[in-house]
file structure13.json (JSON, C-alpha atoms)
[["chain", "number", "residue", "atom", "x", "y", "z"],
["E", 1, "MET", "CA", 0.00, 0.00, 0.00],
["E", 2, "LYS", "CA", 2.84, 2.36, 0.86],
["E", 3, "TYR", "CA", 4.40, 1.61, -2.56],
["E", 4, "ILE", "CA", 1.14, 2.44, -4.42],
["E", 5, "THR", "CA", 0.76, 5.71, -2.53],
["E", 6, "SER", "CA", 4.33, 6.69, -3.40],
["E", 7, "VAL", "CA", 3.80, 5.87, -7.08],
["E", 8, "LEU", "CA", 0.55, 7.85, -7.18],
["E", 9, "LEU", "CA", 2.20, 10.86, -5.53],
["E", 10, "LEU", "CA", 5.11, 10.72, -7.98],
["E", 11, "PHE", "CA", 2.76, 10.42, -10.97],
["E", 12, "SER", "CA", 0.70, 13.37, -9.70],
["E", 13, "PHE", "CA", 3.85, 15.48, -9.28],
["E", 14, "LEU", "CA", 5.19, 14.67, -12.74],
["E", 15, "THR", "CA", 1.94, 15.29, -14.58],
["E", 16, "THR", "CA", 1.32, 18.54, -12.72],
["E", 17, "SER", "CA", 4.82, 20.00, -12.89],
["E", 18, "TYR", "CA", 5.49, 19.22, -16.55],
["E", 19, "ALA", "CA", 2.13, 20.22, -17.97],
["E", 20, "GLN", "CA", 1.31, 23.67, -19.26],
["E", 21, "ASP", "CA", -0.53, 25.82, -16.73],
["E", 22, "ASP", "CA", -3.67, 26.42, -18.83],
["E", 23, "ASN", "CA", -4.65, 29.41, -16.73],
["E", 24, "ASN", "CA", -1.28, 31.10, -17.20],
["E", 25, "PRO", "CA", 1.10, 29.69, -19.84],
["E", 26, "TRP", "CA", 3.56, 32.45, -18.90],
["E", 27, "LYS", "CA", 4.08, 30.62, -15.60],
["E", 28, "THR", "CA", 5.20, 27.49, -17.44],
["E", 29, "LEU", "CA", 7.41, 29.54, -19.77],
["E", 30, "SER", "CA", 9.19, 31.05, -16.76],
["E", 31, "HIS", "CA", 11.02, 27.74, -16.27],
["E", 32, "VAL", "CA", 14.14, 28.89, -18.08],
["E", 33, "GLU", "CA", 17.58, 29.97, -16.96],
["E", 34, "MET", "CA", 19.96, 32.20, -18.88],
["E", 35, "LYS", "CA", 23.56, 31.02, -19.09],
["E", 36, "THR", "CA", 26.03, 33.78, -19.96],
["E", 37, "TYR", "CA", 29.37, 33.00, -21.55],
["E", 38, "MET", "CA", 32.09, 34.73, -23.54],
["E", 39, "ASP", "CA", 31.82, 34.05, -27.27],
["E", 40, "GLU", "CA", 35.40, 34.27, -28.52],
["E", 41, "THR", "CA", 34.30, 34.53, -32.16],
["E", 42, "LEU", "CA", 32.10, 37.56, -31.49],
["E", 43, "GLY", "CA", 34.33, 39.02, -28.80],
["E", 44, "PHE", "CA", 31.59, 39.66, -26.26],
["E", 45, "GLU", "CA", 29.36, 37.89, -23.76],
["E", 46, "VAL", "CA", 26.17, 36.24, -24.98],
["E", 47, "SER", "CA", 23.30, 34.61, -23.14],
["E", 48, "GLU", "CA", 21.96, 31.19, -23.94],
["E", 49, "PRO", "CA", 18.59, 29.94, -22.67],
["E", 50, "ILE", "CA", 18.49, 26.66, -20.78],
["E", 51, "PHE", "CA", 14.83, 25.59, -20.96],
["E", 52, "GLY", "CA", 13.30, 23.49, -18.21],
["E", 53, "PRO", "CA", 11.67, 20.15, -19.08],
["E", 54, "GLU", "CA", 8.17, 21.61, -18.79],
["E", 55, "VAL", "CA", 9.06, 24.23, -21.41],
["E", 56, "GLU", "CA", 10.80, 21.71, -23.68],
["E", 57, "MET", "CA", 7.59, 19.67, -23.72],
["E", 58, "LEU", "CA", 5.71, 22.67, -25.16],
["E", 59, "ASP", "CA", 8.13, 23.21, -28.06],
["E", 60, "GLY", "CA", 6.15, 22.87, -31.28],
["E", 61, "SER", "CA", 2.76, 22.68, -29.57],
["E", 62, "PHE", "CA", -0.07, 25.18, -29.94],
["E", 63, "ILE", "CA", -0.63, 27.43, -26.95],
["E", 64, "THR", "CA", -3.00, 30.26, -26.07],
["E", 65, "LEU", "CA", -1.81, 33.15, -23.97],
["E", 66, "SER", "CA", -2.77, 36.67, -23.01],
["E", 67, "GLY", "CA", -0.54, 39.69, -22.75],
["E", 68, "TYR", "CA", 0.15, 43.18, -24.02],
["E", 69, "ILE", "CA", 1.28, 44.18, -27.50],
["E", 70, "LEU", "CA", 4.47, 46.23, -27.27],
["E", 71, "PRO", "CA", 5.36, 49.12, -29.55],
["E", 72, "VAL", "CA", 7.99, 47.72, -31.89],
["E", 73, "ASP", "CA", 9.45, 49.16, -35.04],
["E", 74, "SER", "CA", 10.58, 46.08, -36.93],
["E", 75, "GLU", "CA", 11.39, 45.94, -40.61],
["E", 76, "ASP", "CA", 9.83, 42.51, -41.06],
["E", 77, "GLY", "CA", 6.50, 43.50, -39.53],
["E", 78, "THR", "CA", 6.59, 41.20, -36.52],
["E", 79, "SER", "CA", 4.91, 42.05, -33.26],
["E", 80, "ILE", "CA", 5.85, 41.33, -29.66],
["E", 81, "ILE", "CA", 3.58, 40.27, -26.84],
["E", 82, "SER", "CA", 4.57, 40.80, -23.21],
["E", 83, "PHE", "CA", 3.25, 39.25, -20.03],
["E", 84, "MET", "CA", 3.45, 42.72, -18.48],
["E", 85, "PRO", "CA", 2.31, 46.13, -19.77],
["E", 86, "PHE", "CA", 4.87, 48.29, -21.56],
["E", 87, "ALA", "CA", 5.91, 50.31, -18.48],
["E", 88, "SER", "CA", 6.90, 47.10, -16.69],
["E", 89, "CYS", "CA", 8.13, 44.93, -19.56],
["E", 90, "PHE", "CA", 11.46, 43.25, -20.28],
["E", 91, "PHE", "CA", 12.67, 46.10, -22.48],
["E", 92, "CYS", "CA", 12.21, 48.60, -19.65],
["E", 93, "GLY", "CA", 14.35, 46.44, -17.38],
["E", 94, "ASN", "CA", 11.56, 45.32, -15.10],
["E", 95, "ALA", "CA", 11.16, 41.70, -16.23],
["E", 96, "GLY", "CA", 13.13, 38.78, -17.68],
["E", 97, "PRO", "CA", 13.46, 37.58, -21.28],
["E", 98, "GLU", "CA", 10.95, 34.81, -20.58],
["E", 99, "THR", "CA", 8.15, 37.41, -20.33],
["E", 100, "VAL", "CA", 8.17, 38.45, -24.00],
["E", 101, "MET", "CA", 7.47, 36.57, -27.20],
["E", 102, "GLU", "CA", 7.80, 37.32, -30.89],
["E", 103, "LEU", "CA", 4.60, 36.93, -32.91],
["E", 104, "ASP", "CA", 4.53, 36.29, -36.64],
["E", 105, "ILE", "CA", 1.44, 38.40, -37.23],
["E", 106, "PRO", "CA", 1.67, 41.69, -39.09],
["E", 107, "LYS", "CA", 2.19, 44.80, -37.01],
["E", 108, "VAL", "CA", -0.77, 45.37, -34.76],
["E", 109, "GLN", "CA", 0.20, 48.86, -33.64],
["E", 110, "SER", "CA", -3.47, 49.73, -33.14],
["E", 111, "GLN", "CA", -3.42, 47.18, -30.31],
["E", 112, "VAL", "CA", -0.32, 48.57, -28.52],
["E", 113, "ASN", "CA", -0.67, 48.51, -24.73],
["E", 114, "LYS", "CA", -3.99, 46.68, -25.00],
["E", 115, "LYS", "CA", -4.43, 43.24, -23.50],
["E", 116, "VAL", "CA", -4.86, 40.61, -26.18],
["E", 117, "THR", "CA", -5.18, 36.86, -26.40],
["E", 118, "VAL", "CA", -3.30, 35.01, -29.13],
["E", 119, "ARG", "CA", -2.92, 31.41, -30.20],
["E", 120, "GLY", "CA", -0.07, 29.85, -32.13],
["E", 121, "GLN", "CA", 2.69, 27.26, -32.29],
["E", 122, "LEU", "CA", 5.48, 27.79, -29.77],
["E", 123, "LYS", "CA", 9.05, 27.65, -31.06],
["E", 124, "LEU", "CA", 11.97, 27.77, -28.64],
["E", 125, "ASN", "CA", 14.92, 29.85, -29.80],
["E", 126, "ARG", "CA", 18.14, 28.26, -28.62],
["E", 127, "ASP", "CA", 20.60, 29.72, -31.11],
["E", 128, "ASP", "CA", 19.83, 33.27, -32.27],
["E", 129, "PHE", "CA", 20.73, 35.60, -29.42],
["E", 130, "TYR", "CA", 19.68, 38.60, -31.54],
["E", 131, "SER", "CA", 16.06, 37.39, -31.25],
["E", 132, "LEU", "CA", 13.72, 36.65, -28.37],
["E", 133, "ILE", "CA", 13.88, 33.22, -26.73],
["E", 134, "TYR", "CA", 10.22, 32.49, -27.54],
["E", 135, "LYS", "CA", 8.47, 32.77, -30.90],
["E", 136, "LEU", "CA", 4.86, 32.07, -31.76],
["E", 137, "LYS", "CA", 4.30, 30.82, -35.32],
["E", 138, "ASN", "CA", 1.01, 30.61, -37.21],
["E", 139, "THR", "CA", -0.27, 33.22, -34.79],
["E", 140, "GLU", "CA", -3.88, 34.28, -34.69],
["E", 141, "LEU", "CA", -5.27, 37.18, -32.70],
["E", 142, "ILE", "CA", -8.21, 35.79, -30.74],
["E", 143, "LYS", "CA", -9.36, 38.62, -28.51],
["E", 144, "VAL", "CA", -8.65, 42.29, -27.75],
["E", 145, "GLU", "CA", -9.73, 43.65, -24.39]]

call {"tool": "encode", "arguments": {"input": "structure13.json", "output": "structure tokens"}}
result
Amino acid sequence: MKYITSVLLLFSFLTTSYAQDDNNPWKTLSHVEMKTYMDETLGFEVSEPIFGPEVEMLDGSFITLSGYILPVDSEDGTSIISFMPFASCFFCGNAGPETVMELDIPKVQSQVNKKVTVRGQLKLNRDDFYSLIYKLKNTELIKVE
């Protein structure tokens, strides 16, 4: 009986800790650490994301999340969603890189600083340190509040 209880507790822990938090996907995406190292080829320090297992499991899956569209002037027309409003976002120094995500929808400048809900396929960025660590592909704007 003790063995069965232990197995059930372990199973409950694993399925809870590695699943996406449907109420707040940003919480799951926060399971990342940034490793900084000197890149001798470039001649400066770069940061590399080390994604937790719960984040790795979401790579390539479709997720829905809410956040705020940030004002971005990008040549390719991408948009950025932030867990926090502009005044508190990553680019203002008040949050980490895990709180912003690149969207592949055309500029939605009319939605800047408004809370939106989007759905798309999550792609983890492990290699391009000039881009954000999270990207949402095949993005659709579901709701504007």

call {"tool": "atom_distance", "arguments": {"input": "structure13.json", "atom1": "CA of Lys27 (chain E)", "atom2": "CA of Val72 (chain E)"}}
result
23.9 Å

call {"tool": "atom_distance", "arguments": {"input": "structure13.json", "atom1": "CA of Met38 (chain E)", "atom2": "CA of Cys89 (chain E)"}}
result
26.3 Å

call {"tool": "closest_residue", "arguments": {"input": "structure13.json", "among": "E:Phe62, E:Phe44, E:Tyr37, E:Phe51", "to": "Leu124 (chain E)", "atoms": "all atoms listed in the file"}}
result
E:Phe51

call {"tool": "closest_residue", "arguments": {"input": "structure13.json", "among": "E:Glu54, E:Pro106, E:Ser30, E:Thr117", "to": "Tyr134 (chain E)", "atoms": "all atoms listed in the file"}}
result
E:Ser30

call {"tool": "atom_distance", "arguments": {"input": "structure13.json", "atom1": "CA of Pro85 (chain E)", "atom2": "CA of Asn113 (chain E)"}}
result
6.3 Å

call {"tool": "closest_residue", "arguments": {"input": "structure13.json", "among": "E:Asp39, E:Ser88, E:Asp59, E:Leu65", "to": "Arg119 (chain E)", "atoms": "only C-alpha atoms"}}
result
E:Leu65

call {"tool": "closest_residue", "arguments": {"input": "structure13.json", "among": "E:Val46, E:Met101, E:Leu29, E:Leu58", "to": "Tyr130 (chain E)", "atoms": "all atoms listed in the file"}}
result
E:Val46

call {"tool": "closest_residue", "arguments": {"input": "structure13.json", "among": "E:Lys143, E:Lys123, E:Thr99, E:Val118", "to": "Thr64 (chain E)", "atoms": "only C-alpha atoms"}}
result
E:Val118

call {"tool": "axis_aligned_box", "arguments": {"input": "structure13.json", "around": "region 46-64 of chain E", "padding_each_side": "6 Å", "output": "lines of an AutoDock Vina configuration file"}}
result
center_x = 11.6
center_y = 28.0
center_z = -24.7
size_x = 41.2
size_y = 28.6
size_z = 25.1

call {"tool": "closest_residue", "arguments": {"input": "structure13.json", "among": "E:Val112, E:Cys92, E:Leu132, E:Ile142", "to": "Pro71 (chain E)", "atoms": "only C-alpha atoms"}}
result
E:Val112

call {"tool": "residues_around", "arguments": {"input": "structure13.json", "residues": "Phe129 (chain E)", "least_positions_apart": "6", "cutoff": "10 Å", "atoms": "all atoms listed in the file", "output": "list in words"}}
result
Val46, Ser47, Glu48 and Pro49 of chain E

call {"tool": "residues_near_point", "arguments": {"input": "structure13.json", "point": "(2.1, 20.0, -27.5)", "cutoff": "10 Å", "atoms": "only C-alpha atoms", "output": "list in words"}}
result
Ala19, Gln20, Glu56, Met57, Leu58, Asp59, Gly60, Ser61, Phe62, Ile63, Gln121 and Leu122 of chain E

call {"tool": "residues_near_point", "arguments": {"input": "structure13.json", "point": "(-5.8, 41.6, -24.8)", "cutoff": "7 Å", "atoms": "all atoms listed in the file", "output": "list of chain:residue names"}}
result
E:Ser66, E:Gly67, E:Tyr68, E:Lys114, E:Lys115, E:Val116, E:Thr117, E:Lys143, E:Val144, E:Glu145

call {"tool": "decode", "arguments": {"input": "structure13.json", "residues": "region 30-46 of chain E", "atoms": "all heavy atoms", "output": "PDB file, in the first residue's frame"}}
result
ATOM      1  N   SER E  30       8.189  30.449 -17.658  1.00  0.00           N
ATOM      2  CA  SER E  30       9.186  31.050 -16.764  1.00  0.00           C
ATOM      3  C   SER E  30      10.242  30.045 -16.315  1.00  0.00           C
ATOM      4  O   SER E  30      11.245  30.418 -15.709  1.00  0.00           O
ATOM      5  CB  SER E  30       8.506  31.669 -15.536  1.00  0.00           C
ATOM      6  OG  SER E  30       8.008  30.661 -14.680  1.00  0.00           O
ATOM      7  N   HIS E  31      10.057  28.781 -16.659  1.00  0.00           N
ATOM      8  CA  HIS E  31      11.022  27.740 -16.271  1.00  0.00           C
ATOM      9  C   HIS E  31      12.183  27.706 -17.262  1.00  0.00           C
ATOM     10  O   HIS E  31      12.341  26.765 -18.038  1.00  0.00           O
ATOM     11  CB  HIS E  31      10.332  26.375 -16.166  1.00  0.00           C
ATOM     12  CG  HIS E  31       9.329  26.314 -15.077  1.00  0.00           C
ATOM     13  ND1 HIS E  31       9.639  25.948 -13.793  1.00  0.00           N
ATOM     14  CD2 HIS E  31       8.006  26.615 -15.059  1.00  0.00           C
ATOM     15  CE1 HIS E  31       8.561  26.023 -13.037  1.00  0.00           C
ATOM     16  NE2 HIS E  31       7.556  26.424 -13.783  1.00  0.00           N
ATOM     17  N   VAL E  32      12.976  28.755 -17.223  1.00  0.00           N
ATOM     18  CA  VAL E  32      14.145  28.890 -18.084  1.00  0.00           C
ATOM     19  C   VAL E  32      15.224  29.650 -17.316  1.00  0.00           C
ATOM     20  O   VAL E  32      14.914  30.523 -16.511  1.00  0.00           O
ATOM     21  CB  VAL E  32      13.789  29.621 -19.412  1.00  0.00           C
ATOM     22  CG1 VAL E  32      13.299  31.027 -19.154  1.00  0.00           C
ATOM     23  CG2 VAL E  32      14.952  29.627 -20.373  1.00  0.00           C
ATOM     24  N   GLU E  33      16.447  29.276 -17.544  1.00  0.00           N
ATOM     25  CA  GLU E  33      17.582  29.973 -16.958  1.00  0.00           C
ATOM     26  C   GLU E  33      18.440  30.508 -18.100  1.00  0.00           C
ATOM     27  O   GLU E  33      18.527  29.891 -19.162  1.00  0.00           O
ATOM     28  CB  GLU E  33      18.420  29.035 -16.093  1.00  0.00           C
ATOM     29  CG  GLU E  33      17.695  28.546 -14.866  1.00  0.00           C
ATOM     30  CD  GLU E  33      18.564  27.625 -14.027  1.00  0.00           C
ATOM     31  OE1 GLU E  33      19.807  27.766 -14.048  1.00  0.00           O
ATOM     32  OE2 GLU E  33      17.989  26.756 -13.367  1.00  0.00           O
ATOM     33  N   MET E  34      19.081  31.623 -17.865  1.00  0.00           N
ATOM     34  CA  MET E  34      19.964  32.199 -18.877  1.00  0.00           C
ATOM     35  C   MET E  34      21.410  31.970 -18.457  1.00  0.00           C
ATOM     36  O   MET E  34      21.818  32.359 -17.364  1.00  0.00           O
ATOM     37  CB  MET E  34      19.678  33.695 -19.052  1.00  0.00           C
ATOM     38  CG  MET E  34      18.260  33.998 -19.507  1.00  0.00           C
ATOM     39  SD  MET E  34      17.769  33.194 -21.046  1.00  0.00           S
ATOM     40  CE  MET E  34      18.743  34.080 -22.229  1.00  0.00           C
ATOM     41  N   LYS E  35      22.148  31.295 -19.327  1.00  0.00           N
ATOM     42  CA  LYS E  35      23.560  31.019 -19.087  1.00  0.00           C
ATOM     43  C   LYS E  35      24.363  32.020 -19.921  1.00  0.00           C
ATOM     44  O   LYS E  35      24.188  32.114 -21.138  1.00  0.00           O
ATOM     45  CB  LYS E  35      23.876  29.588 -19.517  1.00  0.00           C
ATOM     46  CG  LYS E  35      25.330  29.218 -19.447  1.00  0.00           C
ATOM     47  CD  LYS E  35      25.513  27.794 -19.950  1.00  0.00           C
ATOM     48  CE  LYS E  35      26.905  27.619 -20.501  1.00  0.00           C
ATOM     49  NZ  LYS E  35      27.072  26.365 -21.222  1.00  0.00           N
ATOM     50  N   THR E  36      25.216  32.771 -19.270  1.00  0.00           N
ATOM     51  CA  THR E  36      26.030  33.778 -19.961  1.00  0.00           C
ATOM     52  C   THR E  36      27.454  33.254 -20.112  1.00  0.00           C
ATOM     53  O   THR E  36      28.008  32.677 -19.178  1.00  0.00           O
ATOM     54  CB  THR E  36      26.037  35.097 -19.170  1.00  0.00           C
ATOM     55  OG1 THR E  36      24.682  35.533 -19.002  1.00  0.00           O
ATOM     56  CG2 THR E  36      26.810  36.182 -19.900  1.00  0.00           C
ATOM     57  N   TYR E  37      28.005  33.429 -21.304  1.00  0.00           N
ATOM     58  CA  TYR E  37      29.375  33.000 -21.548  1.00  0.00           C
ATOM     59  C   TYR E  37      30.023  33.921 -22.583  1.00  0.00           C
ATOM     60  O   TYR E  37      29.346  34.630 -23.317  1.00  0.00           O
ATOM     61  CB  TYR E  37      29.424  31.540 -22.019  1.00  0.00           C
ATOM     62  CG  TYR E  37      28.748  31.307 -23.354  1.00  0.00           C
ATOM     63  CD1 TYR E  37      29.476  31.345 -24.546  1.00  0.00           C
ATOM     64  CD2 TYR E  37      27.383  31.066 -23.432  1.00  0.00           C
ATOM     65  CE1 TYR E  37      28.853  31.144 -25.764  1.00  0.00           C
ATOM     66  CE2 TYR E  37      26.765  30.859 -24.647  1.00  0.00           C
ATOM     67  CZ  TYR E  37      27.499  30.898 -25.808  1.00  0.00           C
ATOM     68  OH  TYR E  37      26.887  30.714 -27.015  1.00  0.00           O
ATOM     69  N   MET E  38      31.331  33.900 -22.602  1.00  0.00           N
ATOM     70  CA  MET E  38      32.087  34.726 -23.541  1.00  0.00           C
ATOM     71  C   MET E  38      32.188  33.995 -24.875  1.00  0.00           C
ATOM     72  O   MET E  38      32.677  32.874 -24.941  1.00  0.00           O
ATOM     73  CB  MET E  38      33.488  35.002 -22.986  1.00  0.00           C
ATOM     74  CG  MET E  38      34.336  35.830 -23.921  1.00  0.00           C
ATOM     75  SD  MET E  38      33.570  37.426 -24.218  1.00  0.00           S
ATOM     76  CE  MET E  38      34.939  38.493 -24.060  1.00  0.00           C
ATOM     77  N   ASP E  39      31.709  34.612 -25.921  1.00  0.00           N
ATOM     78  CA  ASP E  39      31.823  34.050 -27.268  1.00  0.00           C
ATOM     79  C   ASP E  39      33.086  34.639 -27.895  1.00  0.00           C
ATOM     80  O   ASP E  39      33.130  35.826 -28.238  1.00  0.00           O
ATOM     81  CB  ASP E  39      30.588  34.391 -28.096  1.00  0.00           C
ATOM     82  CG  ASP E  39      30.590  33.694 -29.442  1.00  0.00           C
ATOM     83  OD1 ASP E  39      31.610  33.807 -30.175  1.00  0.00           O
ATOM     84  OD2 ASP E  39      29.584  33.053 -29.784  1.00  0.00           O
ATOM     85  N   GLU E  40      34.101  33.817 -28.013  1.00  0.00           N
ATOM     86  CA  GLU E  40      35.396  34.274 -28.518  1.00  0.00           C
ATOM     87  C   GLU E  40      35.309  34.744 -29.973  1.00  0.00           C
ATOM     88  O   GLU E  40      36.016  35.667 -30.373  1.00  0.00           O
ATOM     89  CB  GLU E  40      36.440  33.163 -28.376  1.00  0.00           C
ATOM     90  CG  GLU E  40      36.683  32.722 -26.943  1.00  0.00           C
ATOM     91  CD  GLU E  40      37.179  33.847 -26.047  1.00  0.00           C
ATOM     92  OE1 GLU E  40      37.886  34.763 -26.519  1.00  0.00           O
ATOM     93  OE2 GLU E  40      36.846  33.806 -24.845  1.00  0.00           O
ATOM     94  N   THR E  41      34.451  34.129 -30.762  1.00  0.00           N
ATOM     95  CA  THR E  41      34.298  34.526 -32.161  1.00  0.00           C
ATOM     96  C   THR E  41      33.735  35.936 -32.272  1.00  0.00           C
ATOM     97  O   THR E  41      34.197  36.733 -33.084  1.00  0.00           O
ATOM     98  CB  THR E  41      33.355  33.543 -32.902  1.00  0.00           C
ATOM     99  OG1 THR E  41      33.834  32.219 -32.711  1.00  0.00           O
ATOM    100  CG2 THR E  41      33.283  33.855 -34.373  1.00  0.00           C
ATOM    101  N   LEU E  42      32.726  36.238 -31.450  1.00  0.00           N
ATOM    102  CA  LEU E  42      32.104  37.561 -31.487  1.00  0.00           C
ATOM    103  C   LEU E  42      32.872  38.586 -30.663  1.00  0.00           C
ATOM    104  O   LEU E  42      32.775  39.780 -30.913  1.00  0.00           O
ATOM    105  CB  LEU E  42      30.663  37.466 -30.976  1.00  0.00           C
ATOM    106  CG  LEU E  42      29.727  36.600 -31.814  1.00  0.00           C
ATOM    107  CD1 LEU E  42      28.395  36.424 -31.108  1.00  0.00           C
ATOM    108  CD2 LEU E  42      29.521  37.219 -33.191  1.00  0.00           C
ATOM    109  N   GLY E  43      33.567  38.113 -29.642  1.00  0.00           N
ATOM    110  CA  GLY E  43      34.334  39.017 -28.798  1.00  0.00           C
ATOM    111  C   GLY E  43      33.531  39.672 -27.689  1.00  0.00           C
ATOM    112  O   GLY E  43      33.952  40.685 -27.140  1.00  0.00           O
ATOM    113  N   PHE E  44      32.368  39.137 -27.377  1.00  0.00           N
ATOM    114  CA  PHE E  44      31.587  39.658 -26.261  1.00  0.00           C
ATOM    115  C   PHE E  44      30.746  38.543 -25.643  1.00  0.00           C
ATOM    116  O   PHE E  44      30.627  37.465 -26.199  1.00  0.00           O
ATOM    117  CB  PHE E  44      30.710  40.849 -26.669  1.00  0.00           C
ATOM    118  CG  PHE E  44      29.761  40.581 -27.817  1.00  0.00           C
ATOM    119  CD1 PHE E  44      28.503  40.039 -27.606  1.00  0.00           C
ATOM    120  CD2 PHE E  44      30.127  40.923 -29.125  1.00  0.00           C
ATOM    121  CE1 PHE E  44      27.635  39.812 -28.650  1.00  0.00           C
ATOM    122  CE2 PHE E  44      29.257  40.707 -30.182  1.00  0.00           C
ATOM    123  CZ  PHE E  44      28.003  40.151 -29.944  1.00  0.00           C
ATOM    124  N   GLU E  45      30.179  38.869 -24.459  1.00  0.00           N
ATOM    125  CA  GLU E  45      29.360  37.887 -23.758  1.00  0.00           C
ATOM    126  C   GLU E  45      27.997  37.746 -24.416  1.00  0.00           C
ATOM    127  O   GLU E  45      27.417  38.730 -24.867  1.00  0.00           O
ATOM    128  CB  GLU E  45      29.156  38.305 -22.293  1.00  0.00           C
ATOM    129  CG  GLU E  45      30.351  38.052 -21.430  1.00  0.00           C
ATOM    130  CD  GLU E  45      30.046  38.251 -19.958  1.00  0.00           C
ATOM    131  OE1 GLU E  45      29.014  38.869 -19.607  1.00  0.00           O
ATOM    132  OE2 GLU E  45      30.852  37.782 -19.143  1.00  0.00           O
ATOM    133  N   VAL E  46      27.509  36.520 -24.470  1.00  0.00           N
ATOM    134  CA  VAL E  46      26.169  36.239 -24.982  1.00  0.00           C
ATOM    135  C   VAL E  46      25.427  35.391 -23.947  1.00  0.00           C
ATOM    136  O   VAL E  46      26.044  34.759 -23.098  1.00  0.00           O
ATOM    137  CB  VAL E  46      26.204  35.506 -26.343  1.00  0.00           C
ATOM    138  CG1 VAL E  46      26.814  36.378 -27.410  1.00  0.00           C
ATOM    139  CG2 VAL E  46      26.957  34.192 -26.237  1.00  0.00           C
TER     140      VAL E  46
END
